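Note: the block below is structure-v9.txt and it holds compact mmCIF, C-alpha atoms.
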# COMPACT_ATOMS: atom_id res chain seq x y z
CA MET A 1 19.86 -12.21 -111.53
CA ASP A 2 16.33 -12.46 -110.14
CA ASN A 3 16.34 -16.27 -110.41
CA ILE A 4 19.60 -16.66 -108.50
CA HIS A 5 18.94 -17.52 -104.90
CA PHE A 6 20.92 -19.23 -102.15
CA SER A 7 18.90 -21.93 -100.43
CA ALA A 8 18.85 -22.27 -96.65
CA ALA A 9 20.63 -25.64 -97.02
CA THR A 10 23.47 -24.01 -98.94
CA ILE A 11 23.91 -21.21 -96.40
CA VAL A 12 23.74 -23.55 -93.41
CA GLY A 13 26.14 -25.97 -95.12
CA ALA A 14 28.70 -23.24 -95.82
CA LEU A 15 28.36 -21.80 -92.32
CA LEU A 16 28.73 -25.20 -90.67
CA GLU A 17 31.68 -26.14 -92.87
CA GLY A 18 33.46 -22.90 -91.99
CA CYS A 19 32.89 -23.30 -88.26
CA LEU A 20 34.04 -26.93 -88.27
CA ALA A 21 37.09 -26.08 -90.39
CA VAL A 22 38.16 -23.49 -87.80
CA LEU A 23 37.31 -25.63 -84.78
CA LEU A 24 39.10 -28.75 -86.05
CA PRO A 25 42.69 -27.51 -85.61
CA VAL A 26 41.78 -25.73 -82.37
CA VAL A 27 40.41 -28.95 -80.87
CA LEU A 28 43.36 -30.95 -82.17
CA ILE A 29 46.03 -28.68 -80.71
CA VAL A 30 44.22 -28.38 -77.36
CA VAL A 31 43.83 -32.15 -77.04
CA TRP A 32 47.43 -32.75 -78.19
CA LYS A 33 48.75 -30.17 -75.71
CA LEU A 34 46.77 -31.61 -72.80
CA LYS A 35 47.68 -35.19 -73.67
CA THR A 36 51.40 -34.79 -74.38
CA LYS A 37 52.41 -31.46 -72.79
CA ALA A 38 54.05 -30.60 -76.13
CA LYS A 39 55.42 -27.09 -76.65
CA LEU A 40 53.34 -24.78 -78.82
CA VAL A 41 56.06 -22.89 -80.73
CA PRO A 42 56.17 -25.53 -83.52
CA PHE A 43 52.41 -25.08 -83.94
CA TRP A 44 52.82 -21.34 -84.53
CA VAL A 45 55.75 -21.95 -86.88
CA GLY A 46 53.51 -24.25 -88.94
CA CYS A 47 50.80 -21.59 -88.97
CA ALA A 48 53.29 -19.03 -90.34
CA ILE A 49 55.10 -21.26 -92.84
CA PHE A 50 52.04 -22.48 -94.76
CA PRO A 51 50.77 -19.08 -95.97
CA LEU A 52 54.30 -17.87 -96.71
CA PHE A 53 55.36 -20.83 -98.83
CA ALA A 54 52.03 -22.17 -100.16
CA LEU A 55 50.12 -18.95 -100.77
CA VAL A 56 52.86 -16.38 -101.44
CA LEU A 57 56.09 -17.97 -102.69
CA GLU A 58 54.34 -20.74 -104.62
CA ALA A 59 52.08 -18.22 -106.36
CA ILE A 60 55.05 -16.01 -107.25
CA ALA A 61 57.01 -18.97 -108.62
CA ALA A 62 54.07 -20.20 -110.70
CA THR A 63 53.57 -16.71 -112.13
CA VAL A 64 57.26 -16.34 -113.00
CA ILE A 65 57.39 -19.78 -114.65
CA THR A 66 54.37 -19.09 -116.84
CA LEU A 67 55.58 -15.60 -117.75
CA ILE A 68 59.05 -16.81 -118.74
CA ASP A 69 57.91 -19.93 -120.56
CA ARG A 70 54.92 -19.29 -122.79
CA LYS A 71 54.82 -22.97 -123.81
CA THR A 72 54.18 -23.91 -120.19
CA LEU A 73 51.43 -21.30 -119.97
CA HIS A 74 49.79 -22.72 -123.09
CA LEU A 75 50.13 -26.28 -121.78
CA LEU A 76 48.49 -25.35 -118.48
CA GLU A 77 45.33 -24.30 -120.29
CA LYS A 78 44.50 -28.03 -120.37
CA PRO A 79 43.06 -29.53 -117.16
CA LEU A 80 45.35 -32.54 -116.69
CA PRO A 81 48.69 -30.67 -117.02
CA LEU A 82 47.29 -27.87 -114.85
CA TYR A 83 46.45 -30.17 -111.93
CA LEU A 84 49.71 -32.13 -112.25
CA PHE A 85 51.62 -28.83 -112.21
CA SER A 86 49.64 -27.59 -109.21
CA ALA A 87 50.23 -30.86 -107.32
CA ALA A 88 53.97 -30.70 -108.05
CA MET A 89 54.22 -27.06 -106.96
CA ALA A 90 52.31 -27.79 -103.75
CA GLY A 91 54.59 -30.72 -102.94
CA ILE A 92 57.78 -28.79 -103.59
CA PHE A 93 56.87 -25.56 -101.80
CA GLU A 94 54.98 -26.95 -98.82
CA GLU A 95 57.58 -29.60 -98.00
CA THR A 96 60.43 -27.14 -98.57
CA GLY A 97 58.61 -24.73 -96.29
CA ARG A 98 58.30 -27.47 -93.68
CA PHE A 99 62.01 -28.29 -93.91
CA PHE A 100 62.98 -24.60 -93.82
CA GLY A 101 60.75 -23.84 -90.83
CA MET A 102 62.09 -26.79 -88.87
CA LYS A 103 65.72 -25.99 -89.68
CA VAL A 104 65.56 -22.23 -89.14
CA PHE A 105 62.81 -21.49 -86.62
CA MET A 106 62.76 -24.77 -84.70
CA ARG A 107 66.47 -25.41 -84.17
CA LYS A 108 66.01 -25.87 -80.42
CA TYR A 109 63.01 -28.17 -80.80
CA LYS A 110 64.13 -31.79 -81.14
CA ASP A 111 61.42 -33.77 -79.37
CA ARG A 112 59.55 -36.08 -81.74
CA ARG A 113 56.28 -34.53 -80.53
CA ASP A 114 57.35 -31.24 -82.14
CA GLY A 115 56.93 -32.74 -85.61
CA VAL A 116 53.29 -33.60 -84.90
CA THR A 117 52.69 -30.19 -83.32
CA TYR A 118 54.08 -28.49 -86.42
CA GLY A 119 51.81 -30.62 -88.64
CA ILE A 120 48.71 -29.55 -86.71
CA GLY A 121 49.70 -25.90 -87.22
CA HIS A 122 50.51 -26.31 -90.92
CA GLY A 123 47.37 -28.26 -91.74
CA GLY A 124 45.26 -26.26 -89.31
CA ILE A 125 45.99 -22.85 -90.76
CA GLU A 126 45.30 -24.24 -94.24
CA SER A 127 41.88 -25.35 -92.99
CA VAL A 128 41.18 -21.94 -91.44
CA LEU A 129 42.35 -19.84 -94.38
CA LEU A 130 41.12 -21.89 -97.33
CA ILE A 131 37.94 -23.52 -96.04
CA GLY A 132 37.00 -21.08 -93.30
CA GLY A 133 37.70 -18.12 -95.57
CA SER A 134 35.81 -19.62 -98.51
CA ALA A 135 32.82 -20.46 -96.33
CA ALA A 136 32.72 -16.94 -94.91
CA LEU A 137 32.79 -15.49 -98.42
CA THR A 138 29.97 -17.80 -99.51
CA VAL A 139 27.76 -16.76 -96.60
CA PHE A 140 28.53 -13.08 -97.22
CA VAL A 141 27.69 -13.35 -100.94
CA ALA A 142 24.55 -15.33 -100.12
CA ILE A 143 23.31 -12.58 -97.81
CA LEU A 144 23.99 -9.91 -100.45
CA THR A 145 22.30 -11.97 -103.17
CA ASN A 146 19.18 -12.98 -101.27
CA SER A 147 18.68 -9.43 -99.97
CA GLY A 148 18.91 -7.97 -103.47
CA MET A 149 21.91 -5.81 -102.58
CA LEU A 150 24.21 -7.63 -105.00
CA ASN A 151 21.78 -7.00 -107.87
CA THR A 152 21.94 -3.28 -107.14
CA MET A 153 25.73 -3.34 -106.98
CA MET A 154 26.03 -5.28 -110.25
CA SER A 155 23.91 -2.80 -112.18
CA ALA A 156 26.98 -0.60 -112.49
CA TYR A 157 29.19 -3.42 -113.90
CA ASP A 158 29.88 -3.93 -117.60
CA GLU A 159 28.30 -6.95 -119.31
CA SER A 160 31.44 -9.11 -119.45
CA LEU A 161 32.10 -8.76 -115.71
CA LYS A 162 28.43 -9.26 -114.92
CA THR A 163 28.37 -12.49 -116.98
CA MET A 164 31.42 -13.84 -115.19
CA LEU A 165 29.94 -13.06 -111.76
CA LEU A 166 26.62 -14.66 -112.68
CA GLU A 167 28.44 -17.85 -113.74
CA ASN A 168 30.29 -17.96 -110.41
CA LEU A 169 27.08 -17.33 -108.51
CA GLY A 170 25.38 -20.14 -110.40
CA THR A 171 28.13 -22.52 -109.32
CA MET A 172 27.93 -21.38 -105.70
CA THR A 173 24.15 -21.75 -105.50
CA SER A 174 24.29 -25.25 -107.00
CA ASN A 175 26.37 -26.56 -104.08
CA GLY A 176 24.11 -28.35 -101.64
CA PHE A 177 24.59 -29.12 -97.95
CA SER A 178 26.35 -32.42 -98.71
CA VAL A 179 29.03 -30.69 -100.80
CA TYR A 180 30.08 -28.55 -97.86
CA MET A 181 30.15 -31.54 -95.52
CA LEU A 182 32.38 -33.35 -98.01
CA GLY A 183 34.60 -30.26 -97.97
CA PHE A 184 34.99 -30.56 -94.21
CA PHE A 185 35.64 -34.30 -94.52
CA GLU A 186 38.45 -33.42 -96.95
CA ARG A 187 40.04 -31.20 -94.26
CA ILE A 188 40.20 -34.18 -91.92
CA SER A 189 42.06 -36.13 -94.59
CA ALA A 190 44.33 -33.17 -95.33
CA ILE A 191 45.34 -32.67 -91.69
CA ILE A 192 46.09 -36.40 -91.35
CA LEU A 193 48.32 -36.04 -94.42
CA HIS A 194 50.03 -32.89 -93.11
CA ILE A 195 50.82 -34.46 -89.75
CA SER A 196 52.30 -37.55 -91.44
CA LEU A 197 54.45 -35.50 -93.81
CA SER A 198 55.56 -33.26 -90.94
CA VAL A 199 56.83 -36.28 -88.99
CA LEU A 200 58.86 -37.40 -92.01
CA VAL A 201 60.33 -33.96 -92.72
CA PHE A 202 61.04 -33.37 -89.02
CA SER A 203 63.05 -36.60 -88.97
CA ALA A 204 64.89 -35.48 -92.12
CA ALA A 205 65.69 -32.12 -90.51
CA ARG A 206 66.97 -33.62 -87.25
CA GLN A 207 68.66 -36.88 -88.31
CA LYS A 208 71.55 -36.66 -90.77
CA ASP A 209 71.01 -40.15 -92.14
CA ARG A 210 67.30 -39.48 -92.81
CA LEU A 211 67.62 -36.50 -95.16
CA TRP A 212 66.12 -38.66 -97.95
CA LEU A 213 62.76 -38.39 -96.18
CA TYR A 214 62.51 -34.76 -97.35
CA PRO A 215 62.34 -35.58 -101.10
CA LEU A 216 60.16 -38.58 -100.25
CA ALA A 217 57.71 -36.20 -98.54
CA ILE A 218 57.63 -34.04 -101.69
CA PHE A 219 56.75 -37.06 -103.82
CA LEU A 220 54.11 -38.33 -101.38
CA HIS A 221 52.52 -34.87 -101.19
CA PHE A 222 52.45 -34.70 -104.99
CA ALA A 223 50.94 -38.20 -105.24
CA ALA A 224 48.23 -37.42 -102.68
CA ASP A 225 47.30 -34.15 -104.41
CA CYS A 226 47.00 -35.97 -107.74
CA THR A 227 43.78 -37.56 -106.48
CA VAL A 228 42.09 -34.25 -107.37
CA ILE A 229 42.39 -35.35 -111.00
CA LEU A 230 39.47 -37.74 -110.43
CA PRO A 231 36.63 -35.20 -110.08
CA ARG A 232 38.26 -32.35 -112.01
CA VAL A 233 39.53 -34.22 -115.08
CA LEU A 234 37.93 -37.67 -115.10
CA GLU A 235 34.60 -36.26 -113.87
CA THR A 236 34.07 -38.93 -111.23
CA PRO A 237 31.69 -38.17 -108.31
CA LEU A 238 33.08 -35.83 -105.67
CA TRP A 239 32.40 -38.36 -102.89
CA LEU A 240 34.63 -40.91 -104.64
CA PHE A 241 37.53 -38.44 -104.64
CA GLU A 242 37.00 -37.69 -100.95
CA ILE A 243 37.00 -41.39 -100.06
CA LEU A 244 40.14 -42.02 -102.12
CA PHE A 245 41.93 -39.00 -100.61
CA PHE A 246 41.00 -40.19 -97.11
CA ALA A 247 42.21 -43.71 -97.92
CA VAL A 248 45.52 -42.35 -99.24
CA SER A 249 46.00 -40.18 -96.14
CA VAL A 250 45.28 -43.06 -93.75
CA ALA A 251 47.44 -45.46 -95.78
CA LEU A 252 50.36 -43.06 -95.31
CA ALA A 253 49.55 -42.30 -91.68
CA LEU A 254 49.67 -45.93 -90.51
CA PRO A 255 53.33 -46.64 -91.41
CA VAL A 256 54.32 -43.11 -90.38
CA PHE A 257 52.74 -43.71 -86.96
CA ARG A 258 54.80 -46.88 -86.56
CA TYR A 259 57.87 -44.96 -87.68
CA TYR A 260 57.08 -42.19 -85.19
CA ARG A 261 56.84 -44.72 -82.37
CA SER A 262 60.26 -46.11 -83.33
CA LEU A 263 61.94 -42.70 -83.11
CA PRO A 264 63.91 -41.68 -80.01
CA GLN A 265 62.12 -39.14 -77.83
CA VAL A 266 64.75 -36.52 -78.67
CA LEU A 267 65.96 -36.65 -82.26
CA GLY A 268 69.64 -36.13 -82.92
CA GLU A 269 70.83 -37.51 -79.60
CA GLU A 270 71.51 -40.91 -81.11
CA GLN A 271 74.11 -39.35 -83.42
CA SER A 272 75.72 -37.58 -80.48
CA ALA A 273 75.92 -40.88 -78.60
CA VAL A 274 77.55 -42.57 -81.58
CA THR A 275 80.11 -39.78 -81.83
CA GLU A 276 80.94 -39.98 -78.12
CA ASN A 277 81.35 -43.76 -78.28
CA THR A 278 83.64 -43.42 -81.28
CA GLN A 279 85.81 -40.88 -79.47
CA ILE A 280 86.06 -43.11 -76.41
With the file now loaded, output its structure as structure tokens.
Amino acid sequence: MDNIHFSAATIVGALLEGCLAVLLPVVLIVVWKLKTKAKLVPFWVGCAIFPLFALVLEAIAATVITLIDRKTLHLLEKPLPLYLFSAAMAGIFEETGRFFGMKVFMRKYKDRRDGVTYGIGHGGIESVLLIGGSAALTVFVAILTNSGMLNTMMSAYDESLKTMLLENLGTMTSNGFSVYMLGFFERISAIILHISLSVLVFSAARQKDRLWLYPLAIFLHFAADCTVILPRVLETPLWLFEILFFAVSVALALPVFRYYRSLPQVLGEEQSAVTENTQI
């Protein structure tokens, strides 16, 4: 334990990553609000839906699946099936959560801007909870470790728990400043992806003939998340994964942006117009 120490670069990197991860969605929603005068309710719906579906319901479903089917549990002990399963679960639950939130809590919101606003909330709260929370924990553990307080606390632990904690600490201390900056760069890519998928699902929720965009969003989310296989399974450099994930997010965002521009300002009105013309 005496040789475990968090460097200043590691602490500063984690602190900076956490602050940027929290500030990113705040800046985005403020700029978007000022620029477009969009309503903020979809933003708060996105903030509520992500933790409910991605952190609670998805975790419950994964636990139930592995408890019921022992073969699946055994299969998920291998890295590749584990990450494919995780990517599939994320796609299914996050996009279903998006569709549910837009159908149930955003029934009165039909402006195409509302889809983007929702995406900022969904991706933003993920950035705050996952990256901001992780960074805060890292800084807290670093302070305890470097001050010697953690060593005193661990003296009461049994050997197996102490060994596990020392392994985790070793991993945390090995992360340099660049690793945390790559983590923030990943949040930029993730929010781009969330906004794009939100536009697609919002169209599916508001336009009867575009319902197929909902399952398409599930597949695209799954495909994007599969890029994590590179560093975790194929052991490629972390920076290569981040570049690929960013490229995938931008490659999806470009056609979605053109699609967004082609949408009517208020979704659903075009169907009403068709119905009225047919009746006349």
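Using only C-alpha atoms, the smallest distance between any of A:Cys19, A:Ala253, A:Val27, A:Val64 and His194 of chain A comes from A:Ala253.
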- Message: So that I can check the surroundings of Gly132 of chain A, please list as a VMD selection string every protein, DNA and RNA residue that reaches within 9 Å of it, counting all atoms listed in the file and ignoring chain neighbours fewer than 2 positions away.
- Response: chain A and resid 14 to 15 17 to 22 126 to 130 134 to 137
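Coordinates place atom CA of Thr145 of chain A at a distance of 16.6 Å from atom CA of Gly13 of chain A.
The coordinates place atom CA of Ile131 of chain A at 28.9 Å from atom CA of Leu213 of chain A.
Minimum atom-to-atom distances from A:Glu186, A:Asp225, A:Glu167, A:Asp111 to Glu94 of chain A were compared using only C-alpha atoms, and the lowest value belongs to A:Asp225.
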- Task: Could you check which of A:Leu166, A:Leu84, A:Leu55, A:Ile125 is closest to Asn3 of chain A, using only C-alpha atoms?
- Result: A:Leu166
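Using only C-alpha atoms for every distance, the candidate list A:Lys37, A:Pro264, A:Val179, A:Lys108 yields A:Val179 as the residue closest to Pro237 of chain A.
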- Note on the structure: Using all atoms listed in the file, the residue out of A:Leu67, A:Ile243, A:Leu193, A:Ala224 with shortest distance to Phe257 of chain A is A:Leu193
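Put simply, atom CA of Ala142 of chain A is 28.9 Å away from atom CA of Ile229 of chain A.
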- Show which residues sit within 10 Å of Val266 of chain A, as a PyMOL selection string. Count all atoms listed in the file, and ignore same-chain residues fewer than 3 positions away. chain A and resi 109-114+206+263+269-270
- Residue nearest Ser7 of chain A - candidates A:Val139, A:Ile218, A:Leu254, A:Met89, atoms counted: all atoms listed in the file: A:Val139
